[in-house]
$ cat input_12.txt   # compact mmCIF, C-alpha atoms
# COMPACT_ATOMS: atom_id res chain seq x y z
CA MET A 11 0.00 0.00 0.00
CA ASP A 12 1.15 3.55 -0.64
CA VAL A 13 1.06 6.13 2.12
CA LYS A 14 -2.42 7.44 1.22
CA GLU A 15 -3.83 3.93 1.27
CA LYS A 16 -2.20 3.32 4.64
CA TYR A 17 -3.85 6.43 6.04
CA GLN A 18 -7.25 5.33 4.77
CA HIS A 19 -6.64 1.95 6.36
CA LEU A 20 -5.79 3.72 9.63
CA LEU A 21 -9.07 5.65 9.53
CA GLU A 22 -10.98 2.41 8.89
CA LEU A 23 -9.30 0.78 11.90
CA LEU A 24 -10.19 3.73 14.11
CA LYS A 25 -13.80 3.87 12.91
CA LYS A 26 -14.31 0.34 14.23
CA ARG A 27 -14.23 1.86 17.72
CA GLU A 28 -17.29 3.82 18.77
CA ARG A 29 -15.25 5.70 21.36
CA LEU A 30 -11.51 5.80 21.90
CA ALA A 31 -8.96 7.08 24.43
CA VAL A 32 -5.54 8.00 23.03
CA ALA A 33 -2.34 8.09 25.07
CA PHE A 34 -1.06 11.50 24.05
CA SER A 35 2.46 12.78 24.75
CA SER A 36 2.48 15.57 22.09
CA GLY A 37 5.22 13.75 20.16
CA VAL A 38 5.17 13.18 16.40
CA ASP A 39 3.42 9.81 16.51
CA SER A 40 0.83 10.38 19.22
CA THR A 41 -0.12 13.77 17.74
CA PHE A 42 -0.66 12.18 14.34
CA LEU A 43 -2.68 9.35 15.88
CA LEU A 44 -4.85 11.75 17.87
CA TYR A 45 -5.43 13.87 14.76
CA ALA A 46 -6.51 10.77 12.81
CA ALA A 47 -8.76 9.62 15.65
CA ARG A 48 -10.44 13.03 15.69
CA GLN A 49 -11.01 12.76 11.94
CA ALA A 50 -12.45 9.25 12.27
CA LEU A 51 -14.50 9.56 15.46
CA GLY A 52 -15.20 13.26 15.92
CA GLU A 53 -16.01 14.13 19.52
CA ASN A 54 -15.84 10.52 20.68
CA VAL A 55 -12.14 10.80 21.43
CA LEU A 56 -10.43 11.40 24.78
CA ALA A 57 -6.74 12.32 25.01
CA LEU A 58 -4.85 11.13 28.10
CA THR A 59 -1.52 12.73 28.99
CA ALA A 60 0.71 11.58 31.84
CA GLN A 61 2.15 14.23 34.14
CA SER A 62 5.40 12.72 35.36
CA VAL A 63 9.01 13.54 36.24
CA PHE A 64 9.93 11.45 33.19
CA PHE A 65 8.54 14.13 30.85
CA PRO A 66 9.46 17.84 30.58
CA GLU A 67 6.78 20.37 31.46
CA ASN A 68 6.79 21.84 27.95
CA GLU A 69 5.58 18.52 26.50
CA GLY A 70 2.47 18.65 28.69
CA GLU A 71 1.87 22.29 27.75
CA GLU A 72 2.09 21.43 24.04
CA ALA A 73 -0.35 18.56 24.55
CA SER A 74 -2.88 20.84 26.22
CA SER A 75 -2.55 23.48 23.50
CA PHE A 76 -3.09 20.97 20.70
CA CYS A 77 -6.25 19.61 22.31
CA ARG A 78 -7.67 23.10 22.92
CA GLU A 79 -6.99 24.16 19.34
CA ASN A 80 -8.60 21.02 17.92
CA GLY A 81 -11.57 20.71 20.26
CA ILE A 82 -10.43 17.40 21.75
CA ARG A 83 -11.35 16.37 25.27
CA HIS A 84 -8.15 16.14 27.27
CA ARG A 85 -7.26 14.85 30.69
CA ILE A 86 -3.91 15.31 32.45
CA VAL A 87 -3.13 12.23 34.54
CA PRO A 88 -0.71 12.74 37.48
CA PHE A 89 1.60 9.73 37.57
CA ASP A 90 4.16 9.33 40.38
CA VAL A 91 6.28 6.96 38.33
CA LEU A 92 9.10 6.72 40.89
CA ARG A 93 6.66 5.03 43.27
CA THR A 94 5.95 2.30 40.74
CA PRO A 95 7.50 -0.90 42.17
CA GLY A 96 10.93 -1.56 40.67
CA VAL A 97 11.21 1.61 38.58
CA LEU A 98 13.47 3.48 41.00
CA ARG A 99 16.19 0.84 40.54
CA ASN A 100 16.08 1.40 36.77
CA PRO A 101 16.31 -2.25 35.64
CA GLU A 102 16.47 -3.22 31.98
CA ASP A 103 12.71 -3.77 31.95
CA ARG A 104 12.02 -0.33 33.49
CA CYS A 105 10.00 0.69 30.45
CA TYR A 106 7.82 -2.39 30.86
CA LEU A 107 7.16 -1.62 34.53
CA CYS A 108 6.36 2.01 33.77
CA LYS A 109 4.14 1.35 30.76
CA ARG A 110 2.28 -1.42 32.56
CA ALA A 111 1.43 0.83 35.51
CA LEU A 112 0.59 3.87 33.37
CA PHE A 113 -1.63 2.08 30.89
CA GLU A 114 -3.46 0.24 33.65
CA ARG A 115 -4.34 3.69 34.97
CA PHE A 116 -5.32 4.91 31.50
CA LEU A 117 -7.61 1.88 31.06
CA THR A 118 -9.28 2.55 34.41
CA ILE A 119 -9.87 6.22 33.53
CA ALA A 120 -11.14 5.39 30.04
CA ARG A 121 -13.56 2.76 31.29
CA GLY A 122 -14.79 5.17 33.92
CA GLN A 123 -15.78 7.40 30.97
CA GLY A 124 -17.52 4.53 29.19
CA ILE A 125 -14.61 4.00 26.77
CA GLU A 126 -13.45 0.42 26.35
CA SER A 127 -10.40 0.96 24.11
CA VAL A 128 -7.11 2.81 24.64
CA ALA A 129 -4.67 3.38 21.76
CA GLU A 130 -0.99 4.34 21.74
CA GLY A 131 1.27 5.73 19.04
CA SER A 132 4.08 3.26 18.35
CA ASN A 133 4.85 2.90 14.64
CA LEU A 134 6.24 0.13 12.44
CA ASP A 135 9.85 1.24 12.97
CA ASP A 136 9.54 0.75 16.74
CA LEU A 137 9.70 -3.00 16.26
CA GLY A 138 13.39 -2.73 15.36
CA ASP A 139 14.76 -1.56 18.75
CA TYR A 140 14.80 -2.88 22.31
CA ARG A 141 11.41 -1.72 23.57
CA PRO A 142 10.18 -3.73 26.58
CA GLY A 143 7.27 -1.31 26.93
CA LEU A 144 5.65 -2.93 23.91
CA ARG A 145 5.24 -6.12 25.95
CA ALA A 146 3.10 -4.23 28.46
CA ILE A 147 1.06 -2.76 25.61
CA SER A 148 0.41 -6.25 24.24
CA GLU A 149 -0.46 -7.77 27.63
CA LEU A 150 -3.04 -5.08 28.39
CA GLY A 151 -4.68 -5.21 24.98
CA ILE A 152 -3.78 -1.60 24.16
CA LEU A 153 -4.34 -0.76 20.50
CA SER A 154 -1.42 0.24 18.26
CA PRO A 155 -3.22 1.50 15.13
CA LEU A 156 -0.15 3.07 13.48
CA ARG A 157 1.70 -0.24 13.60
CA GLU A 158 -1.40 -2.11 12.45
CA ALA A 159 -1.66 0.24 9.46
CA GLU A 160 2.07 -0.39 8.84
CA LEU A 161 2.95 3.30 8.96
CA THR A 162 6.64 4.16 9.35
CA LYS A 163 8.06 7.23 11.07
CA ALA A 164 8.96 8.82 7.73
CA GLU A 165 5.42 8.29 6.43
CA ILE A 166 3.92 9.75 9.61
CA ARG A 167 6.09 12.85 9.24
CA LEU A 168 5.11 13.14 5.56
CA LEU A 169 1.39 12.91 6.29
CA SER A 170 1.70 15.21 9.29
CA ARG A 171 3.23 17.85 7.03
CA GLN A 172 0.45 17.43 4.47
CA PHE A 173 -2.17 17.84 7.20
CA GLY A 174 -0.50 20.97 8.57
CA LEU A 175 0.54 19.45 11.89
CA SER A 176 3.36 21.45 13.46
CA THR A 177 4.91 18.24 14.79
CA TRP A 178 5.84 16.98 11.32
CA ASN A 179 9.48 18.00 11.88
CA LYS A 180 9.53 17.85 15.68
CA PRO A 181 12.67 16.11 16.95
CA SER A 182 12.27 12.58 18.25
CA PHE A 183 11.86 12.42 22.00
CA ALA A 184 11.99 9.64 24.58
CA CYS A 185 11.28 9.84 28.30
CA LEU A 186 14.02 11.33 30.46
CA ALA A 187 14.69 7.98 32.12
CA SER A 188 16.19 6.80 28.83
CA ARG A 189 19.17 9.11 29.54
CA PHE A 190 20.31 6.83 32.40
CA VAL A 191 22.43 3.69 32.32
CA TYR A 192 20.38 0.66 33.32
CA GLY A 193 20.94 -0.07 37.00
CA GLU A 194 21.68 3.53 37.95
CA SER A 195 19.04 4.67 40.43
CA LEU A 196 16.61 7.31 39.22
CA THR A 197 16.12 10.41 41.37
CA GLU A 198 14.03 13.51 40.89
CA ASN A 199 17.16 15.65 41.19
CA LYS A 200 19.06 13.84 38.43
CA LEU A 201 15.99 13.82 36.16
CA HIS A 202 15.74 17.58 36.74
CA MET A 203 19.44 17.99 35.87
CA VAL A 204 18.90 16.23 32.55
CA GLU A 205 15.71 18.18 31.78
CA GLU A 206 17.38 21.53 32.44
CA ALA A 207 20.49 20.58 30.46
CA GLU A 208 18.40 19.62 27.43
CA LYS A 209 16.30 22.75 27.81
CA LEU A 210 19.53 24.75 27.53
CA LEU A 211 20.60 22.98 24.33
CA ARG A 212 17.16 23.59 22.85
CA SER A 213 17.38 27.30 23.69
CA LEU A 214 20.76 27.44 21.93
CA GLY A 215 19.23 26.19 18.70
CA PHE A 216 20.24 22.53 18.77
CA VAL A 217 17.56 20.39 17.17
CA GLN A 218 18.15 16.68 17.77
CA PHE A 219 20.23 15.84 20.84
CA ARG A 220 20.42 13.98 24.13
CA VAL A 221 22.16 14.64 27.43
CA ARG A 222 22.98 11.19 28.84
CA ILE A 223 23.91 10.93 32.51
CA HIS A 224 26.54 8.61 33.98
CA GLY A 225 26.75 9.22 37.73
CA THR A 226 27.48 12.95 37.73
CA MET A 227 28.99 13.03 34.24
CA ALA A 228 27.02 14.45 31.32
CA ARG A 229 27.55 12.89 27.88
CA ILE A 230 26.16 15.21 25.21
CA GLU A 231 24.99 13.79 21.88
CA VAL A 232 24.33 16.21 19.02
CA LEU A 233 24.11 15.63 15.28
CA PRO A 234 27.60 15.40 13.68
CA GLU A 235 26.84 18.40 11.48
CA GLN A 236 26.41 20.45 14.68
CA PHE A 237 29.72 19.42 16.28
CA LYS A 238 31.46 22.57 15.10
CA ARG A 239 28.71 24.76 16.53
CA MET A 240 28.82 23.00 19.90
CA LEU A 241 32.58 23.46 20.07
CA GLY A 242 32.41 27.19 19.37
CA LYS A 243 34.02 29.04 22.25
CA GLU A 244 30.94 30.96 23.40
CA ILE A 245 28.47 28.06 23.27
CA LEU A 246 30.95 25.61 24.76
CA GLN A 247 31.60 27.90 27.73
CA ASN A 248 27.87 28.52 28.19
CA VAL A 249 27.07 24.80 28.16
CA THR A 250 29.86 23.72 30.49
CA ASP A 251 29.21 26.53 32.98
CA ARG A 252 25.49 25.82 33.10
CA LEU A 253 25.86 22.04 33.39
CA HIS A 254 28.41 22.38 36.16
CA ALA A 255 25.98 24.70 37.96
CA LEU A 256 23.27 22.04 37.62
CA GLY A 257 25.48 19.54 39.44
CA PHE A 258 27.39 17.72 36.70
CA THR A 259 31.01 17.12 37.73
CA TYR A 260 32.20 16.36 34.20
CA VAL A 261 30.78 17.49 30.84
CA SER A 262 31.71 15.47 27.74
CA MET A 263 30.65 15.26 24.10
CA ASP A 264 30.01 11.92 22.38
CA LEU A 265 32.02 11.79 19.14
CA ASP A 266 29.60 9.20 17.71
CA GLY A 267 26.96 11.93 17.75
CA TYR A 268 23.24 11.64 18.39
CA ARG A 269 21.70 8.20 18.02
CA THR A 270 18.59 6.62 19.44
CA GLY A 271 18.89 3.90 22.04
CA SER A 272 22.58 4.46 22.75
CA MET A 273 22.10 3.33 26.35
CA ASN A 274 21.01 -0.08 25.02
CA LEU A 275 24.65 -0.65 24.05
CA LEU A 276 25.34 -1.17 27.76
CA ARG A 277 22.74 -3.91 28.25
CA GLU A 278 24.29 -7.10 29.63
CA ASP A 279 22.89 -9.28 26.89
CA ASP A 280 24.57 -7.00 24.34
CA GLY A 281 27.97 -7.59 25.90
CA GLY A 282 28.06 -4.37 27.92
CA GLU A 283 29.67 -4.13 31.32

$ encode --input "input_12.txt" --output "structure tokens"
Amino acid sequence: MDVKEKYQHLLELLKKRERLAVAFSSGVDSTFLLYAARQALGENVLALTAQSVFFPENEGEEASSFCRENGIRHRIVPFDVLRTPGVLRNPEDRCYLCKRALFERFLTIARGQGIESVAEGSNLDDLGDYRPGLRAISELGILSPLREAELTKAEIRLLSRQFGLSTWNKPSFACLASRFVYGESLTENKLHMVEEAEKLLRSLGFVQFRVRIHGTMARIEVLPEQFKRMLGKEILQNVTDRLHALGFTYVSMDLDGYRTGSMNLLREDDGGE
């Protein structure tokens, strides 16, 4: 199927549900899914957004704005993820533990509103990486319409642009816990350090990046074409000064550049230490 046929197939899948709740983070995929659900089901859509230390405040603000502008019912769901059993220790299946607890809550809220189905925004490309959260999605019977319609990330961006969605070129984002080495305990303070460090890079005009944390060392990943800009005297001094002030003892730059899932290289079953 071409991309237009895939989108029509997506709408057909969504129309099978009389009412639908959509897990909405304001990222590229969940925004596209929510837009499609609104097109397919009109007012019979509820957006659910987690409010958690794993997600920056600006993501929640963007989610609220999108729902207001598009007349979509929206509920912010406070989620104290660090109290979820096992999550604080940051094991390799942390994403599973988190997703299981969060989507159980989403299901309870949805059913309290008379909505039997909850959908999430993983796409076809997500099957190619280590994503234990997908196991929780499967166990709970959460719908993954973008994967079912076989839509890739590139196709979602293309359609988002055609539909005038501002997220069509939004940088990829993953929860802040993904910046930590598995086994390193998660704390609100360290999550805040990472959030503020990435907020700084965004304010300096960097587009796709990560600030990974190893103890009190920051490992900055930017796109290779932005290496020269990062190493400019003024920006370099600004970044190092600010990150030291946040509590990072050492500030380093990863010469491999930005890449998704780089912390998965340290998983024991991948030969990491």

$ closest_residue --input "input_12.txt" --among "A:Pro142, A:Gly37, A:Pro181, A:Gly257" --to "Thr270 (chain A)" --atoms "all atoms listed in the file"
A:Pro181

$ atom_distance --input "input_12.txt" --atom1 "CA of Asp264 (chain A)" --atom2 "CA of Leu144 (chain A)"
28.6 Å

$ residues_around --input "input_12.txt" --residues "region 32-36 of chain A" --least-positions-apart "3" --cutoff "9 Å" --atoms "only C-alpha atoms" --output "list of chain:residue names"
A:Asp39, A:Ser40, A:Thr41, A:Leu43, A:Leu44, A:Ala47, A:Val55, A:Leu56, A:Ala57, A:Leu58, A:Thr59, A:Ala60, A:Phe65, A:Glu69, A:Gly70, A:Glu71, A:Glu72, A:Ala73, A:Ser74, A:Phe76, A:Phe113, A:Phe116, A:Ser127, A:Val128, A:Ala129, A:Glu130, A:Gly131, A:Thr177

$ atom_distance --input "input_12.txt" --atom1 "CA of Tyr192 (chain A)" --atom2 "CA of Ile147 (chain A)"
21.1 Å

$ closest_residue --input "input_12.txt" --among "A:Pro66, A:Pro95, A:Gly151, A:Gly267" --to "Glu231 (chain A)" --atoms "all atoms listed in the file"
A:Gly267

$ axis_aligned_box --input "input_12.txt" --around "region 63-70 of chain A" --padding-each-side "4 Å" --output "JSON"
{"center_x": 6.2, "center_y": 16.6, "center_z": 31.4, "size_x": 15.5, "size_y": 18.4, "size_z": 17.7}

$ atom_distance --input "input_12.txt" --atom1 "CA of Lys180 (chain A)" --atom2 "CA of Val38 (chain A)"
6.4 Å

$ closest_residue --input "input_12.txt" --among "A:Leu107, A:Arg189, A:Trp178, A:Asn133" --to "Glu149 (chain A)" --atoms "only C-alpha atoms"
A:Leu107

$ closest_residue --input "input_12.txt" --among "A:Val261, A:Glu235, A:Phe42, A:Gly124" --to "Asn179 (chain A)" --atoms "all atoms listed in the file"
A:Phe42

$ closest_residue --input "input_12.txt" --among "A:Leu233, A:Ala228, A:Met240, A:Leu161" --to "Val13 (chain A)" --atoms "all atoms listed in the file"
A:Leu161

$ residues_around --input "input_12.txt" --residues "Leu92 (chain A)" --least-positions-apart "6" --cutoff "10 Å" --atoms "all atoms listed in the file" --output "ChimeraX atom specification"
/A:62-64,98-100,108,196-198

$ write_last_selection --input "input_12.txt" --atoms "C-alpha atoms" --output "PDB file, keeping the file's coordinate frame"
ATOM      1  CA  SER A  62       5.400  12.720  35.360  1.00  0.00           C
ATOM      2  CA  VAL A  63       9.010  13.540  36.240  1.00  0.00           C
ATOM      3  CA  PHE A  64       9.930  11.450  33.190  1.00  0.00           C
ATOM      4  CA  LEU A  98      13.470   3.480  41.000  1.00  0.00           C
ATOM      5  CA  ARG A  99      16.190   0.840  40.540  1.00  0.00           C
ATOM      6  CA  ASN A 100      16.080   1.400  36.770  1.00  0.00           C
ATOM      7  CA  CYS A 108       6.360   2.010  33.770  1.00  0.00           C
ATOM      8  CA  LEU A 196      16.610   7.310  39.220  1.00  0.00           C
ATOM      9  CA  THR A 197      16.120  10.410  41.370  1.00  0.00           C
ATOM     10  CA  GLU A 198      14.030  13.510  40.890  1.00  0.00           C
TER      11      GLU A 198
END

$ residues_around --input "input_12.txt" --residues "Ala120 (chain A)" --least-positions-apart "5" --cutoff "7 Å" --atoms "only C-alpha atoms" --output "list of chain:residue names"
A:Ala31, A:Ile125, A:Glu126

$ closest_residue --input "input_12.txt" --among "A:Asp12, A:Thr118, A:Lys209, A:Ala111" --to "Arg93 (chain A)" --atoms "only C-alpha atoms"
A:Ala111

$ decode --input "input_12.txt" --residues "region 193-212 of chain A" --atoms "N, CA and C atoms" --output "compact mmCIF listing (two decimals), in the first residue's frame"
# COMPACT_ATOMS: atom_id res chain seq x y z
N GLY A 193 20.36 0.26 35.70
CA GLY A 193 20.94 -0.07 37.00
C GLY A 193 21.31 1.15 37.82
N GLU A 194 21.41 2.31 37.19
CA GLU A 194 21.68 3.53 37.95
C GLU A 194 20.37 4.09 38.48
N SER A 195 20.29 4.25 39.79
CA SER A 195 19.04 4.67 40.43
C SER A 195 18.54 6.00 39.87
N LEU A 196 17.24 6.08 39.71
CA LEU A 196 16.61 7.31 39.22
C LEU A 196 16.22 8.18 40.41
N THR A 197 16.53 9.46 40.33
CA THR A 197 16.12 10.41 41.37
C THR A 197 15.51 11.63 40.70
N GLU A 198 14.64 12.30 41.44
CA GLU A 198 14.03 13.51 40.89
C GLU A 198 15.10 14.55 40.56
N ASN A 199 16.12 14.64 41.41
CA ASN A 199 17.16 15.65 41.19
C ASN A 199 17.91 15.39 39.89
N LYS A 200 18.32 14.14 39.65
CA LYS A 200 19.06 13.84 38.43
C LYS A 200 18.18 13.98 37.19
N LEU A 201 16.91 13.62 37.29
CA LEU A 201 15.99 13.82 36.16
C LEU A 201 15.86 15.31 35.86
N HIS A 202 15.81 16.12 36.91
CA HIS A 202 15.74 17.58 36.74
C HIS A 202 17.02 18.11 36.08
N MET A 203 18.17 17.57 36.47
CA MET A 203 19.44 17.99 35.87
C MET A 203 19.42 17.74 34.36
N VAL A 204 18.95 16.57 33.97
CA VAL A 204 18.90 16.23 32.55
C VAL A 204 17.91 17.13 31.82
N GLU A 205 16.73 17.33 32.42
CA GLU A 205 15.71 18.18 31.78
C GLU A 205 16.23 19.59 31.56
N GLU A 206 16.88 20.17 32.56
CA GLU A 206 17.38 21.53 32.44
C GLU A 206 18.54 21.61 31.45
N ALA A 207 19.38 20.58 31.41
CA ALA A 207 20.49 20.58 30.46
C ALA A 207 19.97 20.53 29.02
N GLU A 208 18.96 19.72 28.78
CA GLU A 208 18.40 19.62 27.43
C GLU A 208 17.62 20.88 27.07
N LYS A 209 17.00 21.48 28.06
CA LYS A 209 16.30 22.75 27.81
C LYS A 209 17.30 23.82 27.34
N LEU A 210 18.49 23.81 27.94
CA LEU A 210 19.53 24.75 27.53
C LEU A 210 19.93 24.53 26.08
N LEU A 211 20.19 23.27 25.71
CA LEU A 211 20.60 22.98 24.33
C LEU A 211 19.52 23.40 23.34
N ARG A 212 18.27 23.19 23.72
CA ARG A 212 17.16 23.59 22.85
C ARG A 212 17.14 25.11 22.68
